[in-house]
Amino acid sequence: MLDIKNLHVEVEGKKILRGLNLTVNAGEVHAIMGPNGAGKSTLAYAICGKEGYEITEGSVTFKGKDFLELEANERAGEGAFLGFQYPVEIPGVTNMNFLKTAINSIRKYRGEDEMAAVDFLKLIRAKAAELDMDPEMLKRAVNVGFSGGEKKRNEMVQMAMIDPIFSVLDETDSGLDIDALRIVADGINRMRGDDKAILVITHYQRLLDYVVPDYVHVLSDGKIVKSGDKELAQRLEKEGYAGLGIDENAA
Amino acid sequence: MSEKNHFSGDHIASHFEAVKANLPGADIDWLQSSRDEGMTNFLETGIPGPRVEEWKYTNLGLLKSDVFKNTEASGDIAADVVAAALLGGLNGPKVVFVDGYLSETHTNIVEQEGVELLSLTEFAKSNADQTQKLLLHAQNSGSLSNLNLAMMTGGYVLRVSEDVKLAEPIQIVHIASTSVASKSLRTLNYIDVEEGGRAQIIESFISTGGGSNWRQNNTYVTLARSAALEVYQYQTENSETIHMAETLVEVAEDADFKHFSLNIGGKMSRTEIKPTLIGENGNVELRGAFLGRDGVSHDVFTHMKHMVPECESDQIYRGVLDKGGKSAFQGRVYVAKDAQLTNAEQSNKNLILDRSAEANSKPELLIYADDVKCAHGATVGELDQDALFYLNSRGLDNKAAKALLVEAFVSEVFDEIDIEAVKDKYLTLAHSWLEQGE
Amino acid sequence: MMVSTLETRQTVEEVGSDYKYGFVTDIDMVKAPKGLNEDIIRFISAKKEEPEWLLDWRLKAYRKWLTMEEPEWALLDYEKPDFQDIYYYAAPKSADDRPKSLDEVDPELLRTYEKLGISLQEQEVLAGVAVDVVFDSVSVATTFRETLKEKGVIFCSISEAARDYPELMRKYLGSVVPAADNFYAALNSAVFTDGTFVYIPKGVRCPMELSTYFRINEANTGQFERTLIIADDESYVSYLEGCTAPMRDENQLHAAVVEIVVLEEAEVKYSTVQNWYPGDKDGNGGIYNFVTKRAACRGTNSKVSWTQVETGSAVTWKYPSCILQGDGSVGEFYSVAITNNYQQADTGTKMIHIGKNTSSTIISKGISAGKAQNVYRGLVRVLPNAENTRNFTQCDSLLIGDECGAHTVPYIETKNPTAQVEHEATTSKISEEQLFYCLQRGLDVEESVSLIVNGFCKEVMQQLPMEFAVEAQKLLGISLEGSVG
């Protein structure tokens, strides 16, 4: 589904990723772990096409298409979703309006008709209920005045509504208490499926107790330095990055 | 943009011609030509009339024509008057101006290596080029700056060399004496702080008696890279005085400029501060309070120019207007096209204590760069009634409660001052002004 | 789309057939010659069959105007119009052979409405709006007049009012904006050719929103409407004004005057969506919009509320104001001003607090893109007897791109100790993070900008009547096309 080859990324002239390789197949859940500054968020932004993340070498192919040729919204249209570490506030724009616009933009990109207002309402109420979100939150401006946990939950509702093929979750677990963590994990697990894939980026192992990955990769200094299964995450938890011979402050 | 002459140009020009030869530095030819040029520039537009936007709240009709006279040095002044005007507990240099002229008797320069403190004319003699460059600032400024240049009777120059930190704050005292009925007191100063240098200046303006004086004190400042300057001004002149103080500052990379002012006295005061940020990471903080009653009007005019990226500026001004008091705050923040990542804030709050008082505020933002954070706020209002009631309920009578709240409102502006003697002075002045109210 | 076009055509046809009850036009004299002098003013006045006093009033204004200078204090840079190179009177071209069938309706007019996405019919049916269409100088038609008549509401062209309601006109014309108030108002007073007159009698709540669409369709035609709205004691009216103009290469002058008189306990809500032609991407052409709008709250608890969405015009000079004279009167100003490419806007409001317990609210949202300059200029003045005055002002500016400017120039003048005046302003840009967040969720750049800008303007947009809100939201997006990326 996703094929990353020899990816080099610079931000403001600073080399962050230095030849990263990663293949994610349909039905798989991959976890990327690594110390602060290893380039985890950069990987997420580079996949989803954030401006300022300059690809100097390598390729990203998504379902056979050259992803790097596409604009950020086109990548979303192809089915990529990024769960943000710090979801941004958009004053004056209600969650409801935002999601409706997003879903219809994606449908337009795919050449589909707009979703009927009634269907949209039904769907969003159902998804909000599933993820235990107060329906009142849908009327509030996107992330404005939301607590950290509420923002992350909001990301999960958006993900559920958009129903992506490939989800990248950037430190979605950071700053969450255990209840919120369960809800987020539950949201991610709902996205699992034979024709879907998930890339979980996290600093800690604890999310992986709830979202069990098929593969775990350790990212350090802009490269994947170790890959394994969920055991690797547990080893990291016990022995630390240093235990694996990785300098925690490498970057 | 028509400017009105309240005085006949001929009258001023002939007076200037008459006294010119007696003004300090008359023996320096180029200085005399600079004065001439200043006079010519001034006469072109004259005194700004009320239709000139920058002066719309300032009534220069208050100027009386006789304030142009009397630019001769008057008699000296008693030592105890000077001593009373100085802040205690500070051992730094003291520069005293009496009626606009530098007083050799009372001035006390404490020598420090890398610090040069001398009179403007003395400086001019050995630094012709630099002085001429400096005087260009005055020539390129408004008509009144040109007038000040033409008629100045003195001034000081402070130069701080690279990485030198002034050991103690410098005190500069401007005294208007009682010896003459009405005077025009004009000083022009220059402060130059080289890379990494640091200085603090405390500058006060007082009168020892009556007399409808016209005071102008214009200071031109250049701060080199990583230089820092703090200026503390306060003014308690007699109720006939027209007080004008202008400060032009160039702030280079990583340099830091702080300006505090308290205006209490005079018939009318106008404080103009115009910092230009010309190096990245420059920082300017302006703080001030003005207290007016009984026909006194105070104007503060700031013009903050952000010319380069990543600088910060912050302005806080508070006004208290009691019976018959009037004020105008005109603050402009200009952010040039290239000055990205500017962070500029401005706040002006005013309290009106009586129905015959008036407060005007015009905080302006002119922004040509997109990646900036600029905000301003202005309020005019009465005291917080809830707070007043709270104090009443704790046993304070209305007068005491009001005084407490007003004092708190003013003193907030001076909270950050490190020099205790200055802070105390500000607070004492504000306190006694409030005591004088009904 | 076809259906709505058909509806529009039908409406315009109906409107057209009503026209015979409107004005009698000299078939040979469609235009007065170019230029301005007393004869032209006499000609206009004669055309309008005006009473003597009105002609005198015009001439007085004209003589005063001759002595005045075009104001220069605004932060605007444009070539001054040549006032002798303008037609001051032009009836619609199609006026002498009025449309009798569908094919005779000026297709340009239909197309203009079509572009806006609203048909007259739709407006009438959906919202019960009465439409008074003005193009160029003459009021073409007025609908719903009968319904309004039952309630005693007068809604007619100002020329008609001069003939049919001379007492009201004499009493109120120029009472809020005096003939020589300022340069453009004086010009308008001398040469105004048409506009709208509204009178809501005592105790009447106007049963529908009144609306006028202005349109300039003839090259080199100055547009000088004059609107006079009088809300008598305890009455209410909501008035909508919209403007569209087809593309022109030459700058066209628009100098309108709007006067509103609000009496005891009455309320007037005046909403404007202004999308005159802004000029092309290089700053050629576009409308000069020099407008004087002022409301006088004369009675106890009078209320006036201005809402404006300004997206058009090359140059805008406009300060809808409130004179809060009556005790307890309320003034509101909600504004969105968008400038893109080479557009310039210097706009804001004046709140003059005279009466006791008066209050005012100012919410201004300025958006600047391209090479545009956008200025908020506002005055809050509290006079000595205005006890317990309250004012709150919030001005927010949004910059898109690094070649535009956003400026805030508020004036606060207070002479009363019990007044509370608060002004806040911020300037920011659309953050890269907001933009990427929207893109990542699938919105394209223009949708994203439109969404973020609409969010930024929400407090103002929600003041608009429903029928206008949708159109205005679209306009925000359209106006900013091409501003990012």
# chains A, B, ... in the order shown; residues from 1 in each chain; ligands from 1
call {"tool": "interface_residues", "arguments": {"of": "chain B", "to": "chain C", "cutoff": "8 Å", "atoms": "only C-alpha atoms", "output": "PyMOL selection string"}}
result
chain B and resi 337+351-382
call {"tool": "select_by_dssp", "arguments": {"residues": "region 106-148 of chain B", "states": "helix (DSSP H, G or I)", "output": "NGL selection string"}}
result
:B and (120-126 or 128-140 or 143-148)
call {"tool": "select_by_dssp", "arguments": {"residues": "region 167-410 of chain C", "states": "strand (DSSP E)", "output": "number ranges by chain"}}
result
C: 196-200, 210-215, 226-231, 236-244, 251-254, 257-262, 267-275, 286-297, 303-310, 315-318, 321-324, 330-339, 344-353, 359-369, 373-382, 390-400, 405-410
call {"tool": "closest_atom_pairs", "arguments": {"of": "chain C", "to": "chain A", "cutoff": "8 Å", "atoms": "only C-alpha atoms", "output": "tab-separated table"}}
result
residue	atom	partner	partner_atom	distance
C:Glu433	CA	A:Val88	CA	6.6
C:Gln434	CA	A:Val88	CA	6.0
C:Phe436	CA	A:Lys50	CA	6.3
C:Tyr437	CA	A:Val88	CA	7.0
C:Cys438	CA	A:Ala102	CA	7.7
C:Leu439	CA	A:Asn73	CA	4.4
C:Gln440	CA	A:Asn73	CA	5.3
C:Arg441	CA	A:Ala102	CA	5.6
C:Gly442	CA	A:Asn73	CA	4.2
C:Leu443	CA	A:Ser105	CA	5.5
C:Asp444	CA	A:Asn73	CA	5.6
C:Leu451	CA	A:Val93	CA	7.0
C:Ile452	CA	A:Ile90	CA	6.7
C:Asn454	CA	A:Gly92	CA	7.3
C:Gly455	CA	A:Gly92	CA	3.7
C:Phe456	CA	A:Gly92	CA	5.7
C:Cys457	CA	A:Gly92	CA	7.4
C:Lys458	CA	A:Gly92	CA	5.6
C:Glu459	CA	A:Gly92	CA	7.9
call {"tool": "write_last_selection", "arguments": {"atoms": "N, CA and C atoms", "output": "PDB file, in the first residue's frame"}}
result
ATOM      1  N   GLU C 433      -0.169  26.158   9.940  1.00  0.00           N
ATOM      2  CA  GLU C 433      -0.706  24.982  10.619  1.00  0.00           C
ATOM      3  C   GLU C 433      -2.198  24.811  10.330  1.00  0.00           C
ATOM      4  N   GLN C 434      -2.938  25.950  10.390  1.00  0.00           N
ATOM      5  CA  GLN C 434      -4.374  25.880  10.090  1.00  0.00           C
ATOM      6  C   GLN C 434      -4.597  25.400   8.658  1.00  0.00           C
ATOM      7  N   PHE C 436      -2.567  23.670   6.681  1.00  0.00           N
ATOM      8  CA  PHE C 436      -2.193  22.269   6.470  1.00  0.00           C
ATOM      9  C   PHE C 436      -3.231  21.335   7.082  1.00  0.00           C
ATOM     10  N   TYR C 437      -3.756  21.725   8.227  1.00  0.00           N
ATOM     11  CA  TYR C 437      -4.778  20.909   8.895  1.00  0.00           C
ATOM     12  C   TYR C 437      -5.974  20.728   7.962  1.00  0.00           C
ATOM     13  N   CYS C 438      -6.404  21.820   7.350  1.00  0.00           N
ATOM     14  CA  CYS C 438      -7.540  21.738   6.427  1.00  0.00           C
ATOM     15  C   CYS C 438      -7.199  20.907   5.197  1.00  0.00           C
ATOM     16  N   LEU C 439      -6.007  21.145   4.648  1.00  0.00           N
ATOM     17  CA  LEU C 439      -5.587  20.403   3.455  1.00  0.00           C
ATOM     18  C   LEU C 439      -5.547  18.912   3.763  1.00  0.00           C
ATOM     19  N   GLN C 440      -5.001  18.590   4.930  1.00  0.00           N
ATOM     20  CA  GLN C 440      -4.862  17.190   5.296  1.00  0.00           C
ATOM     21  C   GLN C 440      -6.225  16.513   5.410  1.00  0.00           C
ATOM     22  N   ARG C 441      -7.230  17.303   5.741  1.00  0.00           N
ATOM     23  CA  ARG C 441      -8.570  16.716   5.845  1.00  0.00           C
ATOM     24  C   ARG C 441      -9.269  16.715   4.488  1.00  0.00           C
ATOM     25  N   GLY C 442      -8.540  17.105   3.437  1.00  0.00           N
ATOM     26  CA  GLY C 442      -9.081  16.963   2.089  1.00  0.00           C
ATOM     27  C   GLY C 442      -9.572  18.230   1.425  1.00  0.00           C
ATOM     28  N   LEU C 443      -9.608  19.370   2.140  1.00  0.00           N
ATOM     29  CA  LEU C 443     -10.054  20.618   1.526  1.00  0.00           C
ATOM     30  C   LEU C 443      -8.955  21.162   0.616  1.00  0.00           C
ATOM     31  N   ASP C 444      -9.333  21.753  -0.522  1.00  0.00           N
ATOM     32  CA  ASP C 444      -8.276  22.344  -1.327  1.00  0.00           C
ATOM     33  C   ASP C 444      -7.941  23.730  -0.771  1.00  0.00           C
ATOM     34  N   LEU C 451     -12.901  28.815   4.260  1.00  0.00           N
ATOM     35  CA  LEU C 451     -13.428  28.306   5.533  1.00  0.00           C
ATOM     36  C   LEU C 451     -12.819  29.066   6.718  1.00  0.00           C
ATOM     37  N   ILE C 452     -11.513  29.229   6.677  1.00  0.00           N
ATOM     38  CA  ILE C 452     -10.833  29.899   7.790  1.00  0.00           C
ATOM     39  C   ILE C 452     -11.273  31.365   7.876  1.00  0.00           C
ATOM     40  N   ASN C 454     -14.092  32.651   6.718  1.00  0.00           N
ATOM     41  CA  ASN C 454     -15.476  32.704   7.192  1.00  0.00           C
ATOM     42  C   ASN C 454     -15.554  32.521   8.704  1.00  0.00           C
ATOM     43  N   GLY C 455     -14.699  31.653   9.224  1.00  0.00           N
ATOM     44  CA  GLY C 455     -14.647  31.461  10.674  1.00  0.00           C
ATOM     45  C   GLY C 455     -14.205  32.737  11.367  1.00  0.00           C
ATOM     46  N   PHE C 456     -13.188  33.364  10.802  1.00  0.00           N
ATOM     47  CA  PHE C 456     -12.648  34.620  11.335  1.00  0.00           C
ATOM     48  C   PHE C 456     -13.722  35.723  11.362  1.00  0.00           C
ATOM     49  N   CYS C 457     -14.616  35.679  10.384  1.00  0.00           N
ATOM     50  CA  CYS C 457     -15.634  36.729  10.250  1.00  0.00           C
ATOM     51  C   CYS C 457     -16.956  36.368  10.897  1.00  0.00           C
ATOM     52  N   LYS C 458     -16.995  35.237  11.559  1.00  0.00           N
ATOM     53  CA  LYS C 458     -18.280  34.682  11.989  1.00  0.00           C
ATOM     54  C   LYS C 458     -19.161  35.675  12.760  1.00  0.00           C
ATOM     55  N   GLU C 459     -18.553  36.373  13.713  1.00  0.00           N
ATOM     56  CA  GLU C 459     -19.355  37.281  14.545  1.00  0.00           C
ATOM     57  C   GLU C 459     -20.104  38.311  13.709  1.00  0.00           C
TER      58      GLU C 459
END
call {"tool": "atom_distance", "arguments": {"atom1": "CA of Lys274 (chain B)", "atom2": "CA of Thr302 (chain B)"}}
result
5.7 Å
call {"tool": "residues_around", "arguments": {"residues": "Val9 (chain A)", "least_positions_apart": "5", "cutoff": "8 Å", "atoms": "only C-alpha atoms", "output": "JSON, numbers by chain"}}
result
{"A": [15, 16, 17, 18, 42, 46, 53, 54, 55, 56, 57]}
call {"tool": "write_last_selection", "arguments": {"atoms": "C-alpha atoms", "output": "PDB file, in the first residue's frame"}}
result
ATOM      1  CA  LYS A  15      18.623  17.235   7.310  1.00  0.00           C
ATOM      2  CA  ILE A  16      16.063  15.308   9.365  1.00  0.00           C
ATOM      3  CA  LEU A  17      15.399  12.061   7.511  1.00  0.00           C
ATOM      4  CA  ARG A  18      18.426  10.426   5.948  1.00  0.00           C
ATOM      5  CA  THR A  42       8.838  14.725  10.056  1.00  0.00           C
ATOM      6  CA  ALA A  46       6.450  14.195   4.680  1.00  0.00           C
ATOM      7  CA  TYR A  53       9.280  19.541   4.370  1.00  0.00           C
ATOM      8  CA  GLU A  54      11.568  19.278   1.419  1.00  0.00           C
ATOM      9  CA  ILE A  55      12.138  15.861  -0.086  1.00  0.00           C
ATOM     10  CA  THR A  56      15.708  15.921  -1.362  1.00  0.00           C
ATOM     11  CA  GLU A  57      15.932  12.262  -2.301  1.00  0.00           C
TER      12      GLU A  57
END
call {"tool": "atom_distance", "arguments": {"atom1": "CA of Val257 (chain C)", "atom2": "CA of Met351 (chain C)"}}
result
17.6 Å
call {"tool": "residues_around", "arguments": {"residues": "region 201-213 of chain B", "least_positions_apart": "5", "cutoff": "7 Å", "atoms": "only C-alpha atoms", "output": "ChimeraX atom specification"}}
result
/B:67,169-178,181-184,230-238,240-242
call {"tool": "residues_around", "arguments": {"residues": "region 226-228 of chain A", "least_positions_apart": "3", "cutoff": "8 Å", "atoms": "only C-alpha atoms", "output": "PyMOL selection string"}}
result
chain A and resi 215-219+231-232
call {"tool": "atom_distance", "arguments": {"atom1": "CA of Ala245 (chain B)", "atom2": "CA of Leu405 (chain B)"}}
result
29.0 Å
